[in-house]
Amino acid sequence: LSRGLGHTGGTLDKLESIPGWRADISNEEMMRALTDVGAVICAPGSGLAPADKKLYALRDVTSTVDCIPLIASSIMSKKIAEG
């Protein structure tokens, strides 16, 4: 199942094609990487933007996955939530 916003797939799906790379990491792993490296690319935890998954499912059944304003709001909801 793709987390991508459309037919091209998403960033995490593409990164997961790299052997050994994982998007789903624990909060501890994320904080360790942030401390060690200074940046992290990972899947958002379930508590970051809990409505996003439900809204994406709704977009899927209403054929609005490719709607640019909804894509932007999905991305921004996570960016704003993470500070």
# chains A, B, ... in the order shown; residues from 1 in each chain; ligands from 1

$ residues_around --residues "segment 34-43 of chain A" --least-positions-apart "3" --cutoff "10 Å" --atoms "only C-alpha atoms" --output "PyMOL selection string"
chain A and resi 3+11-12+15+21-26+28-31+46+48

$ write_last_selection --atoms "N, CA, C and O atoms" --output "PDB file, in the first residue's frame"
ATOM      1  N   ARG A   3       1.852   5.197   0.389  1.00  0.00           N
ATOM      2  CA  ARG A   3       1.461   6.389   1.128  1.00  0.00           C
ATOM      3  C   ARG A   3       1.520   7.597   0.220  1.00  0.00           C
ATOM      4  O   ARG A   3       1.406   8.722   0.645  1.00  0.00           O
ATOM      5  N   THR A  11       7.516  10.145  -1.284  1.00  0.00           N
ATOM      6  CA  THR A  11       8.931  10.193  -0.915  1.00  0.00           C
ATOM      7  C   THR A  11       9.318   8.979  -0.085  1.00  0.00           C
ATOM      8  O   THR A  11      10.344   8.338  -0.343  1.00  0.00           O
ATOM      9  N   LEU A  12       8.501   8.649   0.926  1.00  0.00           N
ATOM     10  CA  LEU A  12       8.849   7.521   1.792  1.00  0.00           C
ATOM     11  C   LEU A  12       8.841   6.213   1.022  1.00  0.00           C
ATOM     12  O   LEU A  12       9.703   5.351   1.238  1.00  0.00           O
ATOM     13  N   LEU A  15      12.108   6.132  -0.858  1.00  0.00           N
ATOM     14  CA  LEU A  15      13.244   5.889   0.030  1.00  0.00           C
ATOM     15  C   LEU A  15      13.267   4.455   0.534  1.00  0.00           C
ATOM     16  O   LEU A  15      14.340   3.873   0.730  1.00  0.00           O
ATOM     17  N   TRP A  21      16.704   0.799   4.472  1.00  0.00           N
ATOM     18  CA  TRP A  21      16.132   2.070   4.929  1.00  0.00           C
ATOM     19  C   TRP A  21      14.698   1.835   5.393  1.00  0.00           C
ATOM     20  O   TRP A  21      13.930   1.122   4.755  1.00  0.00           O
ATOM     21  N   ARG A  22      14.331   2.416   6.552  1.00  0.00           N
ATOM     22  CA  ARG A  22      12.985   2.245   7.107  1.00  0.00           C
ATOM     23  C   ARG A  22      12.360   3.603   7.368  1.00  0.00           C
ATOM     24  O   ARG A  22      13.015   4.500   7.893  1.00  0.00           O
ATOM     25  N   ALA A  23      11.100   3.732   7.041  1.00  0.00           N
ATOM     26  CA  ALA A  23      10.365   4.971   7.317  1.00  0.00           C
ATOM     27  C   ALA A  23       9.760   4.946   8.711  1.00  0.00           C
ATOM     28  O   ALA A  23       9.677   5.979   9.372  1.00  0.00           O
ATOM     29  N   ASP A  24       9.320   3.778   9.133  1.00  0.00           N
ATOM     30  CA  ASP A  24       8.661   3.656  10.431  1.00  0.00           C
ATOM     31  C   ASP A  24       9.706   3.376  11.505  1.00  0.00           C
ATOM     32  O   ASP A  24      10.184   2.249  11.644  1.00  0.00           O
ATOM     33  N   ILE A  25      10.064   4.416  12.233  1.00  0.00           N
ATOM     34  CA  ILE A  25      11.041   4.280  13.313  1.00  0.00           C
ATOM     35  C   ILE A  25      10.401   4.746  14.620  1.00  0.00           C
ATOM     36  O   ILE A  25       9.419   5.484  14.607  1.00  0.00           O
ATOM     37  N   SER A  26      10.970   4.308  15.708  1.00  0.00           N
ATOM     38  CA  SER A  26      10.440   4.693  17.018  1.00  0.00           C
ATOM     39  C   SER A  26      10.800   6.146  17.325  1.00  0.00           C
ATOM     40  O   SER A  26      11.705   6.725  16.697  1.00  0.00           O
ATOM     41  N   GLU A  28      12.375   7.080  19.880  1.00  0.00           N
ATOM     42  CA  GLU A  28      13.746   7.047  20.376  1.00  0.00           C
ATOM     43  C   GLU A  28      14.743   7.056  19.220  1.00  0.00           C
ATOM     44  O   GLU A  28      15.745   7.780  19.257  1.00  0.00           O
ATOM     45  N   GLU A  29      14.464   6.262  18.173  1.00  0.00           N
ATOM     46  CA  GLU A  29      15.345   6.238  17.003  1.00  0.00           C
ATOM     47  C   GLU A  29      15.346   7.602  16.304  1.00  0.00           C
ATOM     48  O   GLU A  29      16.397   8.075  15.859  1.00  0.00           O
ATOM     49  N   MET A  30      14.190   8.212  16.223  1.00  0.00           N
ATOM     50  CA  MET A  30      14.086   9.525  15.587  1.00  0.00           C
ATOM     51  C   MET A  30      14.906  10.557  16.354  1.00  0.00           C
ATOM     52  O   MET A  30      15.669  11.317  15.760  1.00  0.00           O
ATOM     53  N   MET A  31      14.770  10.588  17.671  1.00  0.00           N
ATOM     54  CA  MET A  31      15.498  11.565  18.475  1.00  0.00           C
ATOM     55  C   MET A  31      17.007  11.314  18.423  1.00  0.00           C
ATOM     56  O   MET A  31      17.796  12.255  18.381  1.00  0.00           O
ATOM     57  N   SER A  46       1.540   8.020  14.646  1.00  0.00           N
ATOM     58  CA  SER A  46       0.081   8.094  14.624  1.00  0.00           C
ATOM     59  C   SER A  46      -0.461   9.297  15.392  1.00  0.00           C
ATOM     60  O   SER A  46      -1.557   9.763  15.120  1.00  0.00           O
ATOM     61  N   LEU A  48       0.930  12.368  15.429  1.00  0.00           N
ATOM     62  CA  LEU A  48       1.340  13.655  14.870  1.00  0.00           C
ATOM     63  C   LEU A  48       0.178  14.391  14.220  1.00  0.00           C
ATOM     64  O   LEU A  48      -0.090  15.539  14.534  1.00  0.00           O
TER      65      LEU A  48
END

$ residues_around --residues "Lys78 of chain A" --least-positions-apart "6" --cutoff "10 Å" --atoms "only C-alpha atoms" --output "ChimeraX atom specification"
/A:44-45,48-50,52

$ write_last_selection --atoms "C-alpha atoms" --output "tab-separated table (two decimals), in the first residue's frame"
chain	number	residue	atom	x	y	z
A	44	PRO	CA	4.83	10.54	10.94
A	45	GLY	CA	3.77	8.73	14.10
A	48	LEU	CA	1.34	13.65	14.87
A	49	ALA	CA	-1.66	14.36	12.63
A	50	PRO	CA	-4.24	11.71	13.55
A	52	ASP	CA	-4.67	12.90	8.16

$ residues_around --residues "Arg59 of chain A" --least-positions-apart "6" --cutoff "12 Å" --atoms "only C-alpha atoms" --output "list in words"
Leu5, Gly6, Asp52, Lys53, Val65, Asp66, Cys67, Ile68, Pro69, Leu70, Ile71 and Ser74 of chain A

$ write_last_selection --atoms "all heavy atoms" --output "PDB file, in the first residue's frame"
ATOM      1  N   LEU A   5       0.938  10.497  -2.680  1.00  0.00           N
ATOM      2  CA  LEU A   5      -0.159  11.399  -3.006  1.00  0.00           C
ATOM      3  C   LEU A   5      -0.371  11.385  -4.514  1.00  0.00           C
ATOM      4  O   LEU A   5      -0.180  12.369  -5.196  1.00  0.00           O
ATOM      5  CB  LEU A   5       0.170  12.818  -2.521  1.00  0.00           C
ATOM      6  CG  LEU A   5       0.302  12.948  -1.013  1.00  0.00           C
ATOM      7  CD1 LEU A   5       0.852  14.309  -0.638  1.00  0.00           C
ATOM      8  CD2 LEU A   5      -1.037  12.721  -0.352  1.00  0.00           C
ATOM      9  N   GLY A   6      -0.755  10.263  -5.033  1.00  0.00           N
ATOM     10  CA  GLY A   6      -1.002  10.165  -6.464  1.00  0.00           C
ATOM     11  C   GLY A   6      -0.294   8.976  -7.072  1.00  0.00           C
ATOM     12  O   GLY A   6       0.277   8.132  -6.382  1.00  0.00           O
ATOM     13  N   ASP A  52      -5.185  12.950   9.528  1.00  0.00           N
ATOM     14  CA  ASP A  52      -4.670  12.897   8.165  1.00  0.00           C
ATOM     15  C   ASP A  52      -4.952  11.555   7.498  1.00  0.00           C
ATOM     16  O   ASP A  52      -5.346  11.502   6.341  1.00  0.00           O
ATOM     17  CB  ASP A  52      -3.171  13.210   8.161  1.00  0.00           C
ATOM     18  CG  ASP A  52      -2.634  13.431   6.766  1.00  0.00           C
ATOM     19  OD1 ASP A  52      -3.147  14.350   6.082  1.00  0.00           O
ATOM     20  OD2 ASP A  52      -1.711  12.716   6.355  1.00  0.00           O
ATOM     21  N   LYS A  53      -4.748  10.463   8.210  1.00  0.00           N
ATOM     22  CA  LYS A  53      -4.980   9.129   7.629  1.00  0.00           C
ATOM     23  C   LYS A  53      -6.445   8.949   7.240  1.00  0.00           C
ATOM     24  O   LYS A  53      -6.757   8.427   6.175  1.00  0.00           O
ATOM     25  CB  LYS A  53      -4.546   8.051   8.628  1.00  0.00           C
ATOM     26  CG  LYS A  53      -4.529   6.658   8.061  1.00  0.00           C
ATOM     27  CD  LYS A  53      -3.960   5.681   9.062  1.00  0.00           C
ATOM     28  CE  LYS A  53      -3.120   4.675   8.325  1.00  0.00           C
ATOM     29  NZ  LYS A  53      -2.366   3.815   9.198  1.00  0.00           N
ATOM     30  N   VAL A  65      -7.610  12.358  -4.526  1.00  0.00           N
ATOM     31  CA  VAL A  65      -6.221  12.157  -4.110  1.00  0.00           C
ATOM     32  C   VAL A  65      -5.297  13.139  -4.831  1.00  0.00           C
ATOM     33  O   VAL A  65      -4.348  13.651  -4.255  1.00  0.00           O
ATOM     34  CB  VAL A  65      -5.781  10.698  -4.360  1.00  0.00           C
ATOM     35  CG1 VAL A  65      -4.277  10.534  -4.182  1.00  0.00           C
ATOM     36  CG2 VAL A  65      -6.516   9.760  -3.418  1.00  0.00           C
ATOM     37  N   ASP A  66      -5.578  13.431  -6.098  1.00  0.00           N
ATOM     38  CA  ASP A  66      -4.713  14.317  -6.889  1.00  0.00           C
ATOM     39  C   ASP A  66      -5.053  15.799  -6.737  1.00  0.00           C
ATOM     40  O   ASP A  66      -4.479  16.630  -7.434  1.00  0.00           O
ATOM     41  CB  ASP A  66      -4.787  13.938  -8.373  1.00  0.00           C
ATOM     42  CG  ASP A  66      -4.150  12.587  -8.646  1.00  0.00           C
ATOM     43  OD1 ASP A  66      -3.210  12.221  -7.918  1.00  0.00           O
ATOM     44  OD2 ASP A  66      -4.580  11.908  -9.596  1.00  0.00           O
ATOM     45  N   CYS A  67      -5.942  16.147  -5.834  1.00  0.00           N
ATOM     46  CA  CYS A  67      -6.353  17.549  -5.629  1.00  0.00           C
ATOM     47  C   CYS A  67      -5.226  18.312  -4.927  1.00  0.00           C
ATOM     48  O   CYS A  67      -4.916  18.051  -3.762  1.00  0.00           O
ATOM     49  CB  CYS A  67      -7.637  17.592  -4.817  1.00  0.00           C
ATOM     50  SG  CYS A  67      -8.192  19.247  -4.419  1.00  0.00           S
ATOM     51  N   ILE A  68      -4.610  19.259  -5.633  1.00  0.00           N
ATOM     52  CA  ILE A  68      -3.444  19.984  -5.123  1.00  0.00           C
ATOM     53  C   ILE A  68      -3.718  20.665  -3.771  1.00  0.00           C
ATOM     54  O   ILE A  68      -2.897  20.532  -2.852  1.00  0.00           O
ATOM     55  CB  ILE A  68      -2.921  20.998  -6.162  1.00  0.00           C
ATOM     56  CG1 ILE A  68      -2.485  20.285  -7.445  1.00  0.00           C
ATOM     57  CG2 ILE A  68      -1.796  21.856  -5.592  1.00  0.00           C
ATOM     58  CD1 ILE A  68      -1.333  19.331  -7.293  1.00  0.00           C
ATOM     59  N   PRO A  69      -4.828  21.378  -3.586  1.00  0.00           N
ATOM     60  CA  PRO A  69      -5.053  21.998  -2.269  1.00  0.00           C
ATOM     61  C   PRO A  69      -5.135  20.971  -1.135  1.00  0.00           C
ATOM     62  O   PRO A  69      -4.661  21.230  -0.030  1.00  0.00           O
ATOM     63  CB  PRO A  69      -6.379  22.735  -2.436  1.00  0.00           C
ATOM     64  CG  PRO A  69      -6.488  22.994  -3.898  1.00  0.00           C
ATOM     65  CD  PRO A  69      -5.852  21.794  -4.550  1.00  0.00           C
ATOM     66  N   LEU A  70      -5.695  19.790  -1.410  1.00  0.00           N
ATOM     67  CA  LEU A  70      -5.781  18.757  -0.374  1.00  0.00           C
ATOM     68  C   LEU A  70      -4.422  18.115  -0.130  1.00  0.00           C
ATOM     69  O   LEU A  70      -4.097  17.751   1.005  1.00  0.00           O
ATOM     70  CB  LEU A  70      -6.833  17.716  -0.739  1.00  0.00           C
ATOM     71  CG  LEU A  70      -8.264  18.250  -0.803  1.00  0.00           C
ATOM     72  CD1 LEU A  70      -9.228  17.157  -1.254  1.00  0.00           C
ATOM     73  CD2 LEU A  70      -8.686  18.830   0.536  1.00  0.00           C
ATOM     74  N   ILE A  71      -3.613  17.971  -1.175  1.00  0.00           N
ATOM     75  CA  ILE A  71      -2.245  17.472  -1.002  1.00  0.00           C
ATOM     76  C   ILE A  71      -1.471  18.450  -0.121  1.00  0.00           C
ATOM     77  O   ILE A  71      -0.807  18.057   0.843  1.00  0.00           O
ATOM     78  CB  ILE A  71      -1.540  17.290  -2.359  1.00  0.00           C
ATOM     79  CG1 ILE A  71      -2.178  16.151  -3.148  1.00  0.00           C
ATOM     80  CG2 ILE A  71      -0.039  17.039  -2.171  1.00  0.00           C
ATOM     81  CD1 ILE A  71      -1.708  16.049  -4.589  1.00  0.00           C
ATOM     82  N   SER A  74      -2.528  18.344   3.511  1.00  0.00           N
ATOM     83  CA  SER A  74      -2.041  17.135   4.166  1.00  0.00           C
ATOM     84  C   SER A  74      -0.581  17.298   4.581  1.00  0.00           C
ATOM     85  O   SER A  74      -0.196  16.984   5.711  1.00  0.00           O
ATOM     86  CB  SER A  74      -2.197  15.937   3.222  1.00  0.00           C
ATOM     87  OG  SER A  74      -1.626  14.782   3.771  1.00  0.00           O
TER      88      SER A  74
END

$ closest_residue --among "A:Ser73, A:Asp13, A:Gly83, A:Ser63" --to "Ala51 of chain A" --atoms "only C-alpha atoms"
A:Ser73

$ atom_distance --atom1 "atom CA of Gly47 of chain A" --atom2 "atom CA of Ala72 of chain A"
19.5 Å

$ select_by_dssp --residues "segment 16-64 of chain A" --states "alpha helix (DSSP H)" --output "mmCIF file with all heavy atoms, in the first residue's frame"
data_model
loop_
_atom_site.group_PDB
_atom_site.id
_atom_site.type_symbol
_atom_site.label_atom_id
_atom_site.label_comp_id
_atom_site.auth_asym_id
_atom_site.auth_seq_id
_atom_site.Cartn_x
_atom_site.Cartn_y
_atom_site.Cartn_z
ATOM 1 N N ASN A 27 10.134 6.704 18.297
ATOM 2 C CA ASN A 27 10.465 8.069 18.734
ATOM 3 C C ASN A 27 11.909 8.138 19.216
ATOM 4 O O ASN A 27 12.609 9.125 18.974
ATOM 5 C CB ASN A 27 9.521 8.526 19.843
ATOM 6 C CG ASN A 27 8.144 8.863 19.322
ATOM 7 O OD1 ASN A 27 7.947 9.035 18.122
ATOM 8 N ND2 ASN A 27 7.185 8.938 20.220
ATOM 9 N N GLU A 28 12.375 7.080 19.880
ATOM 10 C CA GLU A 28 13.746 7.047 20.376
ATOM 11 C C GLU A 28 14.743 7.056 19.220
ATOM 12 O O GLU A 28 15.745 7.780 19.257
ATOM 13 C CB GLU A 28 13.969 5.814 21.270
ATOM 14 C CG GLU A 28 13.206 5.849 22.573
ATOM 15 C CD GLU A 28 11.706 5.508 22.420
ATOM 16 O OE1 GLU A 28 11.311 4.850 21.421
ATOM 17 O OE2 GLU A 28 10.926 5.925 23.297
ATOM 18 N N GLU A 29 14.464 6.262 18.173
ATOM 19 C CA GLU A 29 15.345 6.238 17.003
ATOM 20 C C GLU A 29 15.346 7.602 16.304
ATOM 21 O O GLU A 29 16.397 8.075 15.859
ATOM 22 C CB GLU A 29 14.899 5.158 16.013
ATOM 23 C CG GLU A 29 15.131 3.745 16.481
ATOM 24 C CD GLU A 29 14.500 2.740 15.546
ATOM 25 O OE1 GLU A 29 13.257 2.737 15.403
ATOM 26 O OE2 GLU A 29 15.265 1.958 14.940
ATOM 27 N N MET A 30 14.190 8.212 16.223
ATOM 28 C CA MET A 30 14.086 9.525 15.587
ATOM 29 C C MET A 30 14.906 10.557 16.354
ATOM 30 O O MET A 30 15.669 11.317 15.760
ATOM 31 C CB MET A 30 12.626 9.977 15.509
ATOM 32 C CG MET A 30 12.464 11.334 14.849
ATOM 33 S SD MET A 30 10.784 11.961 14.895
ATOM 34 C CE MET A 30 10.581 12.246 16.640
ATOM 35 N N MET A 31 14.770 10.588 17.671
ATOM 36 C CA MET A 31 15.498 11.565 18.475
ATOM 37 C C MET A 31 17.007 11.314 18.423
ATOM 38 O O MET A 31 17.796 12.255 18.381
ATOM 39 C CB MET A 31 14.995 11.556 19.919
ATOM 40 C CG MET A 31 13.556 12.047 20.066
ATOM 41 S SD MET A 31 13.275 13.676 19.321
ATOM 42 C CE MET A 31 14.271 14.703 20.369
ATOM 43 N N ARG A 32 17.410 10.044 18.395
ATOM 44 C CA ARG A 32 18.833 9.708 18.303
ATOM 45 C C ARG A 32 19.401 10.196 16.965
ATOM 46 O O ARG A 32 20.476 10.803 16.920
ATOM 47 C CB ARG A 32 19.042 8.203 18.468
ATOM 48 C CG ARG A 32 20.482 7.796 18.621
ATOM 49 C CD ARG A 32 20.682 6.343 19.057
ATOM 50 N NE ARG A 32 19.819 5.365 18.425
ATOM 51 C CZ ARG A 32 18.801 4.736 19.047
ATOM 52 N NH1 ARG A 32 18.522 4.987 20.310
ATOM 53 N NH2 ARG A 32 18.074 3.846 18.402
ATOM 54 N N ALA A 33 18.675 9.967 15.881
ATOM 55 C CA ALA A 33 19.131 10.441 14.572
ATOM 56 C C ALA A 33 19.173 11.961 14.527
ATOM 57 O O ALA A 33 20.116 12.555 13.990
ATOM 58 C CB ALA A 33 18.223 9.909 13.470
ATOM 59 N N LEU A 34 18.173 12.589 15.105
ATOM 60 C CA LEU A 34 18.142 14.052 15.125
ATOM 61 C C LEU A 34 19.332 14.614 15.886
ATOM 62 O O LEU A 34 19.972 15.568 15.449
ATOM 63 C CB LEU A 34 16.824 14.539 15.736
ATOM 64 C CG LEU A 34 16.543 16.026 15.667
ATOM 65 C CD1 LEU A 34 16.566 16.527 14.225
ATOM 66 C CD2 LEU A 34 15.196 16.331 16.298
ATOM 67 N N THR A 35 19.674 13.995 17.005
ATOM 68 C CA THR A 35 20.826 14.428 17.797
ATOM 69 C C THR A 35 22.143 14.162 17.067
ATOM 70 O O THR A 35 23.011 15.024 17.007
ATOM 71 C CB THR A 35 20.833 13.711 19.161
ATOM 72 O OG1 THR A 35 19.630 14.032 19.856
ATOM 73 C CG2 THR A 35 22.027 14.118 20.002
ATOM 74 N N ASP A 36 22.262 12.965 16.487
ATOM 75 C CA ASP A 36 23.512 12.560 15.841
ATOM 76 C C ASP A 36 23.745 13.256 14.501
ATOM 77 O O ASP A 36 24.862 13.666 14.190
ATOM 78 C CB ASP A 36 23.542 11.040 15.610
ATOM 79 C CG ASP A 36 23.583 10.245 16.902
ATOM 80 O OD1 ASP A 36 23.841 10.841 17.967
ATOM 81 O OD2 ASP A 36 23.339 9.020 16.839
ATOM 82 N N VAL A 37 22.678 13.386 13.705
ATOM 83 C CA VAL A 37 22.816 13.861 12.333
ATOM 84 C C VAL A 37 22.295 15.289 12.151
ATOM 85 O O VAL A 37 22.807 16.040 11.333
ATOM 86 C CB VAL A 37 22.079 12.898 11.363
ATOM 87 C CG1 VAL A 37 22.187 13.348 9.920
ATOM 88 C CG2 VAL A 37 22.576 11.479 11.522
ATOM 89 N N PRO A 50 -3.380 12.894 13.562
ATOM 90 C CA PRO A 50 -4.242 11.711 13.548
ATOM 91 C C PRO A 50 -5.370 11.753 12.533
ATOM 92 O O PRO A 50 -5.789 10.712 12.022
ATOM 93 C CB PRO A 50 -4.789 11.627 14.975
ATOM 94 C CG PRO A 50 -4.484 12.934 15.610
ATOM 95 C CD PRO A 50 -3.356 13.550 14.855
ATOM 96 N N ALA A 51 -5.857 12.900 12.180
ATOM 97 C CA ALA A 51 -6.957 12.977 11.213
ATOM 98 C C ALA A 51 -6.471 12.768 9.784
ATOM 99 O O ALA A 51 -7.260 12.431 8.900
ATOM 100 C CB ALA A 51 -7.668 14.316 11.328
ATOM 101 N N ASP A 52 -5.185 12.950 9.528
ATOM 102 C CA ASP A 52 -4.670 12.897 8.165
ATOM 103 C C ASP A 52 -4.952 11.555 7.498
ATOM 104 O O ASP A 52 -5.346 11.502 6.341
ATOM 105 C CB ASP A 52 -3.171 13.210 8.161
ATOM 106 C CG ASP A 52 -2.634 13.431 6.766
ATOM 107 O OD1 ASP A 52 -3.147 14.350 6.082
ATOM 108 O OD2 ASP A 52 -1.711 12.716 6.355
ATOM 109 N N LYS A 53 -4.748 10.463 8.210
ATOM 110 C CA LYS A 53 -4.980 9.129 7.629
ATOM 111 C C LYS A 53 -6.445 8.949 7.240
ATOM 112 O O LYS A 53 -6.757 8.427 6.175
ATOM 113 C CB LYS A 53 -4.546 8.051 8.628
ATOM 114 C CG LYS A 53 -4.529 6.658 8.061
ATOM 115 C CD LYS A 53 -3.960 5.681 9.062
ATOM 116 C CE LYS A 53 -3.120 4.675 8.325
ATOM 117 N NZ LYS A 53 -2.366 3.815 9.198
ATOM 118 N N LYS A 54 -7.345 9.418 8.088
ATOM 119 C CA LYS A 54 -8.774 9.307 7.787
ATOM 120 C C LYS A 54 -9.164 10.199 6.613
ATOM 121 O O LYS A 54 -9.959 9.818 5.755
ATOM 122 C CB LYS A 54 -9.601 9.645 9.021
ATOM 123 C CG LYS A 54 -9.453 8.615 10.108
ATOM 124 C CD LYS A 54 -10.252 8.939 11.331
ATOM 125 C CE LYS A 54 -9.973 7.867 12.365
ATOM 126 N NZ LYS A 54 -10.831 7.922 13.496
ATOM 127 N N LEU A 55 -8.586 11.398 6.572
ATOM 128 C CA LEU A 55 -8.867 12.296 5.456
ATOM 129 C C LEU A 55 -8.315 11.743 4.149
ATOM 130 O O LEU A 55 -8.946 11.873 3.097
ATOM 131 C CB LEU A 55 -8.305 13.693 5.735
ATOM 132 C CG LEU A 55 -9.021 14.464 6.834
ATOM 133 C CD1 LEU A 55 -8.248 15.737 7.192
ATOM 134 C CD2 LEU A 55 -10.445 14.809 6.421
ATOM 135 N N TYR A 56 -7.147 11.107 4.203
ATOM 136 C CA TYR A 56 -6.590 10.502 2.995
ATOM 137 C C TYR A 56 -7.506 9.389 2.501
ATOM 138 O O TYR A 56 -7.753 9.265 1.302
ATOM 139 C CB TYR A 56 -5.178 9.975 3.240
ATOM 140 C CG TYR A 56 -4.526 9.527 1.948
ATOM 141 C CD1 TYR A 56 -3.851 10.434 1.147
ATOM 142 C CD2 TYR A 56 -4.621 8.214 1.514
ATOM 143 C CE1 TYR A 56 -3.283 10.035 -0.053
ATOM 144 C CE2 TYR A 56 -4.059 7.810 0.318
ATOM 145 C CZ TYR A 56 -3.393 8.717 -0.457
ATOM 146 O OH TYR A 56 -2.850 8.325 -1.637
ATOM 147 N N ALA A 57 -8.021 8.567 3.417
ATOM 148 C CA ALA A 57 -8.937 7.492 3.022
ATOM 149 C C ALA A 57 -10.192 8.078 2.371
ATOM 150 O O ALA A 57 -10.692 7.543 1.374
ATOM 151 C CB ALA A 57 -9.307 6.639 4.233
ATOM 152 N N LEU A 58 -10.686 9.179 2.914
ATOM 153 C CA LEU A 58 -11.843 9.848 2.319
ATOM 154 C C LEU A 58 -11.509 10.377 0.933
ATOM 155 O O LEU A 58 -12.304 10.240 -0.009
ATOM 156 C CB LEU A 58 -12.313 10.986 3.237
ATOM 157 C CG LEU A 58 -13.516 11.789 2.770
ATOM 158 C CD1 LEU A 58 -14.741 10.900 2.633
ATOM 159 C CD2 LEU A 58 -13.782 12.934 3.722
ATOM 160 N N ARG A 59 -10.319 10.950 0.774
ATOM 161 C CA ARG A 59 -9.898 11.444 -0.539
ATOM 162 C C ARG A 59 -9.806 10.300 -1.537
ATOM 163 O O ARG A 59 -10.090 10.473 -2.728
ATOM 164 C CB ARG A 59 -8.541 12.153 -0.432
ATOM 165 C CG ARG A 59 -8.644 13.484 0.276
ATOM 166 C CD ARG A 59 -7.298 14.074 0.601
ATOM 167 N NE ARG A 59 -6.396 14.077 -0.536
ATOM 168 C CZ ARG A 59 -5.085 14.086 -0.404
ATOM 169 N NH1 ARG A 59 -4.518 14.090 0.778
ATOM 170 N NH2 ARG A 59 -4.327 14.103 -1.475
ATOM 171 N N ASP A 60 -9.406 9.126 -1.071
ATOM 172 C CA ASP A 60 -9.289 7.969 -1.950
ATOM 173 C C ASP A 60 -10.657 7.581 -2.508
ATOM 174 O O ASP A 60 -10.804 7.386 -3.710
ATOM 175 C CB ASP A 60 -8.648 6.815 -1.192
ATOM 176 C CG ASP A 60 -8.286 5.650 -2.090
ATOM 177 O OD1 ASP A 60 -7.869 5.888 -3.237
ATOM 178 O OD2 ASP A 60 -8.396 4.500 -1.636
ATOM 179 N N VAL A 61 -11.663 7.494 -1.644
ATOM 180 C CA VAL A 61 -12.996 7.065 -2.108
ATOM 181 C C VAL A 61 -13.749 8.163 -2.851
ATOM 182 O O VAL A 61 -14.709 7.860 -3.568
ATOM 183 C CB VAL A 61 -13.862 6.503 -0.956
ATOM 184 C CG1 VAL A 61 -13.209 5.288 -0.331
ATOM 185 C CG2 VAL A 61 -14.167 7.549 0.090
#
